[in-house]
>>> print(open('my_file_39.cif').read())   # mmCIF, C-alpha atoms; chains and numbers go by the auth columns
data_protein
#
loop_
_atom_site.group_PDB
_atom_site.id
_atom_site.type_symbol
_atom_site.label_atom_id
_atom_site.label_comp_id
_atom_site.label_asym_id
_atom_site.label_seq_id
_atom_site.Cartn_x
_atom_site.Cartn_y
_atom_site.Cartn_z
_atom_site.B_iso_or_equiv
_atom_site.auth_seq_id
_atom_site.auth_asym_id
ATOM 1 C CA MET A 1 -19.019 57.096 28.378 0.00 1 A
ATOM 2 C CA ALA A 2 -16.196 58.161 30.640 0.00 2 A
ATOM 3 C CA PHE A 3 -13.655 57.812 27.809 0.00 3 A
ATOM 4 C CA LEU A 4 -15.396 60.195 25.400 0.00 4 A
ATOM 5 C CA ASP A 5 -14.085 63.688 24.881 0.00 5 A
ATOM 6 C CA PRO A 6 -16.695 66.510 25.249 0.00 6 A
ATOM 7 C CA PRO A 7 -17.624 66.872 21.531 0.00 7 A
ATOM 8 C CA ARG A 8 -18.150 63.123 21.151 0.00 8 A
ATOM 9 C CA ARG A 9 -20.049 62.957 24.432 0.00 9 A
ATOM 10 C CA SER A 10 -22.452 65.733 23.426 0.00 10 A
ATOM 11 C CA CYS A 11 -23.000 64.143 20.014 0.00 11 A
ATOM 12 C CA LEU A 12 -23.756 60.811 21.658 0.00 12 A
ATOM 13 C CA GLU A 13 -26.080 62.439 24.176 0.00 13 A
ATOM 14 C CA ARG A 14 -27.962 64.296 21.393 0.00 14 A
ATOM 15 C CA THR A 15 -28.302 61.050 19.480 0.00 15 A
ATOM 16 C CA ARG A 16 -29.621 59.206 22.502 0.00 16 A
ATOM 17 C CA SER A 17 -32.035 62.016 23.402 0.00 17 A
ATOM 18 C CA ARG A 18 -33.530 61.960 19.884 0.00 18 A
ATOM 19 C CA GLY A 19 -34.177 58.264 20.110 0.00 19 A
ATOM 20 C CA LEU A 20 -33.183 55.628 17.631 0.00 20 A
ATOM 21 C CA GLY A 21 -36.487 53.929 16.969 0.00 21 A
ATOM 22 C CA GLY A 22 -35.535 50.872 18.985 0.00 22 A
ATOM 23 C CA HIS A 23 -31.980 50.695 17.651 0.00 23 A
ATOM 24 C CA GLU A 24 -29.028 50.537 19.968 0.00 24 A
ATOM 25 C CA ILE A 25 -25.672 52.229 19.876 0.00 25 A
ATOM 26 C CA HIS A 26 -22.932 49.636 20.044 0.00 26 A
ATOM 27 C CA ALA A 27 -19.364 50.266 21.095 0.00 27 A
ATOM 28 C CA ALA A 28 -16.918 48.639 18.720 0.00 28 A
ATOM 29 C CA ARG A 29 -14.023 46.842 20.328 0.00 29 A
ATOM 30 C CA THR A 30 -10.942 48.906 19.700 0.00 30 A
ATOM 31 C CA HIS A 31 -7.818 49.872 21.566 0.00 31 A
ATOM 32 C CA GLU A 32 -8.958 53.496 21.481 0.00 32 A
ATOM 33 C CA PRO A 33 -12.312 53.758 23.315 0.00 33 A
ATOM 34 C CA ALA A 34 -13.001 57.310 22.125 0.00 34 A
ATOM 35 C CA ARG A 35 -13.042 56.102 18.530 0.00 35 A
ATOM 36 C CA GLY A 36 -14.972 52.934 19.243 0.00 36 A
ATOM 37 C CA LEU A 37 -18.570 54.090 18.800 0.00 37 A
ATOM 38 C CA ALA A 38 -20.583 52.883 15.831 0.00 38 A
ATOM 39 C CA LEU A 39 -24.213 52.824 14.753 0.00 39 A
ATOM 40 C CA ALA A 40 -25.906 50.019 12.897 0.00 40 A
ATOM 41 C CA PRO A 41 -26.824 51.175 9.350 0.00 41 A
ATOM 42 C CA GLU A 42 -30.523 51.156 10.241 0.00 42 A
ATOM 43 C CA ALA A 43 -29.883 53.289 13.332 0.00 43 A
ATOM 44 C CA ALA A 44 -27.728 55.727 11.380 0.00 44 A
ATOM 45 C CA ALA A 45 -30.489 56.062 8.799 0.00 45 A
ATOM 46 C CA SER A 46 -32.998 56.704 11.580 0.00 46 A
ATOM 47 C CA VAL A 47 -30.825 59.398 13.148 0.00 47 A
ATOM 48 C CA LEU A 48 -30.034 61.038 9.819 0.00 48 A
ATOM 49 C CA GLY A 49 -33.619 60.783 8.585 0.00 49 A
ATOM 50 C CA ARG A 50 -32.736 58.996 5.355 0.00 50 A
ATOM 51 C CA ALA A 51 -32.228 55.512 4.058 0.00 51 A
ATOM 52 C CA ALA A 52 -28.873 53.894 4.658 0.00 52 A
ATOM 53 C CA GLU A 53 -26.633 53.562 1.624 0.00 53 A
ATOM 54 C CA PRO A 54 -26.877 50.066 0.159 0.00 54 A
ATOM 55 C CA PRO A 55 -23.728 48.068 0.809 0.00 55 A
ATOM 56 C CA LEU A 56 -23.217 47.238 -2.889 0.00 56 A
ATOM 57 C CA SER A 57 -24.231 48.583 -6.274 0.00 57 A
ATOM 58 C CA GLU A 58 -26.687 46.563 -8.368 0.00 58 A
ATOM 59 C CA ARG A 59 -23.842 45.323 -10.572 0.00 59 A
ATOM 60 C CA GLU A 60 -21.769 44.300 -7.535 0.00 60 A
ATOM 61 C CA VAL A 61 -24.749 42.352 -6.210 0.00 61 A
ATOM 62 C CA GLU A 62 -24.967 40.521 -9.549 0.00 62 A
ATOM 63 C CA VAL A 63 -21.256 39.735 -9.334 0.00 63 A
ATOM 64 C CA VAL A 64 -21.428 38.495 -5.737 0.00 64 A
ATOM 65 C CA ARG A 65 -24.447 36.291 -6.528 0.00 65 A
ATOM 66 C CA LEU A 66 -22.556 34.600 -9.349 0.00 66 A
ATOM 67 C CA LEU A 67 -19.526 34.380 -7.079 0.00 67 A
ATOM 68 C CA ALA A 68 -21.674 32.594 -4.494 0.00 68 A
ATOM 69 C CA GLN A 69 -22.657 30.066 -7.154 0.00 69 A
ATOM 70 C CA GLY A 70 -18.972 29.206 -7.560 0.00 70 A
ATOM 71 C CA HIS A 71 -18.344 30.865 -10.923 0.00 71 A
ATOM 72 C CA SER A 72 -14.856 31.944 -11.946 0.00 72 A
ATOM 73 C CA ASN A 73 -14.056 35.559 -12.830 0.00 73 A
ATOM 74 C CA ARG A 74 -14.112 34.591 -16.509 0.00 74 A
ATOM 75 C CA ALA A 75 -17.528 32.909 -16.166 0.00 75 A
ATOM 76 C CA ILE A 76 -18.946 35.908 -14.264 0.00 76 A
ATOM 77 C CA GLY A 77 -17.648 38.206 -16.988 0.00 77 A
ATOM 78 C CA GLY A 78 -19.249 36.042 -19.665 0.00 78 A
ATOM 79 C CA ALA A 79 -22.589 35.945 -17.870 0.00 79 A
ATOM 80 C CA LEU A 80 -22.659 39.717 -17.356 0.00 80 A
ATOM 81 C CA SER A 81 -20.915 40.724 -20.617 0.00 81 A
ATOM 82 C CA LEU A 82 -17.971 42.183 -18.719 0.00 82 A
ATOM 83 C CA ALA A 83 -14.245 41.930 -19.242 0.00 83 A
ATOM 84 C CA GLU A 84 -12.485 39.737 -16.703 0.00 84 A
ATOM 85 C CA ALA A 85 -10.532 42.803 -15.511 0.00 85 A
ATOM 86 C CA THR A 86 -13.842 44.580 -14.809 0.00 86 A
ATOM 87 C CA VAL A 87 -15.012 41.615 -12.744 0.00 87 A
ATOM 88 C CA LYS A 88 -11.770 41.800 -10.761 0.00 88 A
ATOM 89 C CA THR A 89 -12.365 45.509 -10.152 0.00 89 A
ATOM 90 C CA HIS A 90 -15.877 44.776 -8.878 0.00 90 A
ATOM 91 C CA LEU A 91 -14.463 42.073 -6.600 0.00 91 A
ATOM 92 C CA VAL A 92 -11.885 44.463 -5.137 0.00 92 A
ATOM 93 C CA CYS A 93 -14.699 46.911 -4.337 0.00 93 A
ATOM 94 C CA ILE A 94 -16.817 44.139 -2.827 0.00 94 A
ATOM 95 C CA TYR A 95 -13.918 42.905 -0.684 0.00 95 A
ATOM 96 C CA ARG A 96 -13.225 46.448 0.522 0.00 96 A
ATOM 97 C CA ARG A 97 -16.846 47.192 1.417 0.00 97 A
ATOM 98 C CA PHE A 98 -17.215 43.889 3.225 0.00 98 A
ATOM 99 C CA SER A 99 -13.744 43.985 4.817 0.00 99 A
ATOM 100 C CA ALA A 100 -13.235 40.573 3.250 0.00 100 A
ATOM 101 C CA GLU A 101 -9.889 39.067 2.359 0.00 101 A
ATOM 102 C CA ASN A 102 -11.111 36.408 -0.049 0.00 102 A
ATOM 103 C CA ARG A 103 -14.041 35.094 -2.089 0.00 103 A
ATOM 104 C CA ALA A 104 -15.405 32.907 0.718 0.00 104 A
ATOM 105 C CA ALA A 105 -15.462 35.784 3.212 0.00 105 A
ATOM 106 C CA ALA A 106 -17.192 38.044 0.677 0.00 106 A
ATOM 107 C CA VAL A 107 -19.860 35.428 -0.032 0.00 107 A
ATOM 108 C CA SER A 108 -20.328 34.816 3.693 0.00 108 A
ATOM 109 C CA GLU A 109 -20.937 38.528 4.294 0.00 109 A
ATOM 110 C CA ALA A 110 -23.309 38.726 1.311 0.00 110 A
ATOM 111 C CA VAL A 111 -25.311 35.830 2.754 0.00 111 A
ATOM 112 C CA ARG A 112 -25.367 37.521 6.179 0.00 112 A
ATOM 113 C CA LEU A 113 -26.727 40.699 4.579 0.00 113 A
ATOM 114 C CA GLY A 114 -29.365 38.762 2.657 0.00 114 A
ATOM 115 C CA LEU A 115 -27.933 39.659 -0.749 0.00 115 A
ATOM 116 C CA VAL A 116 -27.549 36.014 -1.765 0.00 116 A
#
>>> encode(input="my_file_39.cif", output="structure tokens")
Amino acid sequence: MAFLDPPRRSCLERTRSRGLGGHEIHAARTHEPARGLALAPEAAASVLGRAAEPPLSEREVEVVRLLAQGHSNRAIGGALSLAEATVKTHLVCIYRRFSAENRAAAVSEAVRLGLV
């Protein structure tokens, strides 16, 4: 905690004093320690007193499930009655939310999150 500036330190101390219901605060590995603090979604929800935002919309979950089954963009569009361009837009959003660079990485993250 020595690298935190006073506002960040007091925020962290308030968070710790409130308790996180068994959740831990993890420091992300960055080159800038003061910006390296992060909360797990469940811990953030506990601190904020509300449910964490789901990582994907219902439609994006449908797309990623079909993606995990190996379907092409055209096949996903056909199954969901979407234009292929709309499927591509959903995939861009999925990649961004998951910080994925390709289909395999997106499916891997979806599996890790229990969406597939």
>>> resolve_selection(input="my_file_39.cif", expression="the PyMOL selection byres ((chain A and resi 89-94) around 9)", output="number ranges by chain")
A: 55-56, 59-61, 63-64, 84-88, 95-100, 103, 106
>>> residues_around(input="my_file_39.cif", residues="Leu80 in chain A", least_positions_apart="2", cutoff="9 Å", atoms="only C-alpha atoms", output="list in words")
Arg59, Glu62, Val63, Ala75, Ile76, Gly77, Gly78, Leu82 and Ala83 of chain A
>>> atom_distance(input="my_file_39.cif", atom1="CA of His71 in chain A", atom2="CA of Val111 in chain A")
16.1 Å
>>> closest_residue(input="my_file_39.cif", among="A:Gln69, A:Ser57, A:Ser81, A:Asn102", to="Val116 in chain A", atoms="all atoms listed in the file")
A:Gln69
>>> atom_distance(input="my_file_39.cif", atom1="CA of Ser108 in chain A", atom2="CA of Arg74 in chain A")
21.1 Å
>>> build_atoms(input="my_file_39.cif", residues="range 78-93 of chain A", atoms="N, CA and C atoms", output="PDB file, keeping the file's coordinate frame")
ATOM      1  N   GLY A  78     -18.447  36.533 -18.539  1.00  0.00           N
ATOM      2  CA  GLY A  78     -19.249  36.042 -19.665  1.00  0.00           C
ATOM      3  C   GLY A  78     -20.739  36.188 -19.413  1.00  0.00           C
ATOM      4  N   ALA A  79     -21.166  35.865 -18.209  1.00  0.00           N
ATOM      5  CA  ALA A  79     -22.589  35.945 -17.870  1.00  0.00           C
ATOM      6  C   ALA A  79     -23.099  37.381 -17.857  1.00  0.00           C
ATOM      7  N   LEU A  80     -22.239  38.321 -17.480  1.00  0.00           N
ATOM      8  CA  LEU A  80     -22.659  39.717 -17.356  1.00  0.00           C
ATOM      9  C   LEU A  80     -22.140  40.603 -18.493  1.00  0.00           C
ATOM     10  N   SER A  81     -21.504  39.991 -19.482  1.00  0.00           N
ATOM     11  CA  SER A  81     -20.915  40.724 -20.617  1.00  0.00           C
ATOM     12  C   SER A  81     -19.908  41.770 -20.134  1.00  0.00           C
ATOM     13  N   LEU A  82     -19.014  41.322 -19.262  1.00  0.00           N
ATOM     14  CA  LEU A  82     -17.971  42.183 -18.719  1.00  0.00           C
ATOM     15  C   LEU A  82     -16.614  41.575 -19.023  1.00  0.00           C
ATOM     16  N   ALA A  83     -15.614  42.417 -19.140  1.00  0.00           N
ATOM     17  CA  ALA A  83     -14.245  41.930 -19.242  1.00  0.00           C
ATOM     18  C   ALA A  83     -13.838  41.332 -17.902  1.00  0.00           C
ATOM     19  N   GLU A  84     -12.947  40.363 -17.939  1.00  0.00           N
ATOM     20  CA  GLU A  84     -12.485  39.737 -16.703  1.00  0.00           C
ATOM     21  C   GLU A  84     -11.849  40.768 -15.771  1.00  0.00           C
ATOM     22  N   ALA A  85     -11.139  41.747 -16.331  1.00  0.00           N
ATOM     23  CA  ALA A  85     -10.532  42.803 -15.511  1.00  0.00           C
ATOM     24  C   ALA A  85     -11.602  43.625 -14.797  1.00  0.00           C
ATOM     25  N   THR A  86     -12.745  43.831 -15.441  1.00  0.00           N
ATOM     26  CA  THR A  86     -13.842  44.580 -14.809  1.00  0.00           C
ATOM     27  C   THR A  86     -14.419  43.784 -13.651  1.00  0.00           C
ATOM     28  N   VAL A  87     -14.529  42.479 -13.828  1.00  0.00           N
ATOM     29  CA  VAL A  87     -15.012  41.615 -12.744  1.00  0.00           C
ATOM     30  C   VAL A  87     -14.060  41.724 -11.563  1.00  0.00           C
ATOM     31  N   LYS A  88     -12.757  41.691 -11.842  1.00  0.00           N
ATOM     32  CA  LYS A  88     -11.770  41.800 -10.761  1.00  0.00           C
ATOM     33  C   LYS A  88     -11.910  43.133 -10.031  1.00  0.00           C
ATOM     34  N   THR A  89     -12.167  44.192 -10.776  1.00  0.00           N
ATOM     35  CA  THR A  89     -12.365  45.509 -10.152  1.00  0.00           C
ATOM     36  C   THR A  89     -13.583  45.492  -9.246  1.00  0.00           C
ATOM     37  N   HIS A  90     -14.678  44.892  -9.723  1.00  0.00           N
ATOM     38  CA  HIS A  90     -15.877  44.776  -8.878  1.00  0.00           C
ATOM     39  C   HIS A  90     -15.565  43.972  -7.615  1.00  0.00           C
ATOM     40  N   LEU A  91     -14.792  42.899  -7.762  1.00  0.00           N
ATOM     41  CA  LEU A  91     -14.463  42.073  -6.600  1.00  0.00           C
ATOM     42  C   LEU A  91     -13.618  42.843  -5.587  1.00  0.00           C
ATOM     43  N   VAL A  92     -12.689  43.646  -6.057  1.00  0.00           N
ATOM     44  CA  VAL A  92     -11.885  44.463  -5.137  1.00  0.00           C
ATOM     45  C   VAL A  92     -12.792  45.401  -4.345  1.00  0.00           C
ATOM     46  N   CYS A  93     -13.752  46.014  -5.023  1.00  0.00           N
ATOM     47  CA  CYS A  93     -14.699  46.911  -4.337  1.00  0.00           C
ATOM     48  C   CYS A  93     -15.552  46.151  -3.325  1.00  0.00           C
TER      49      CYS A  93
END
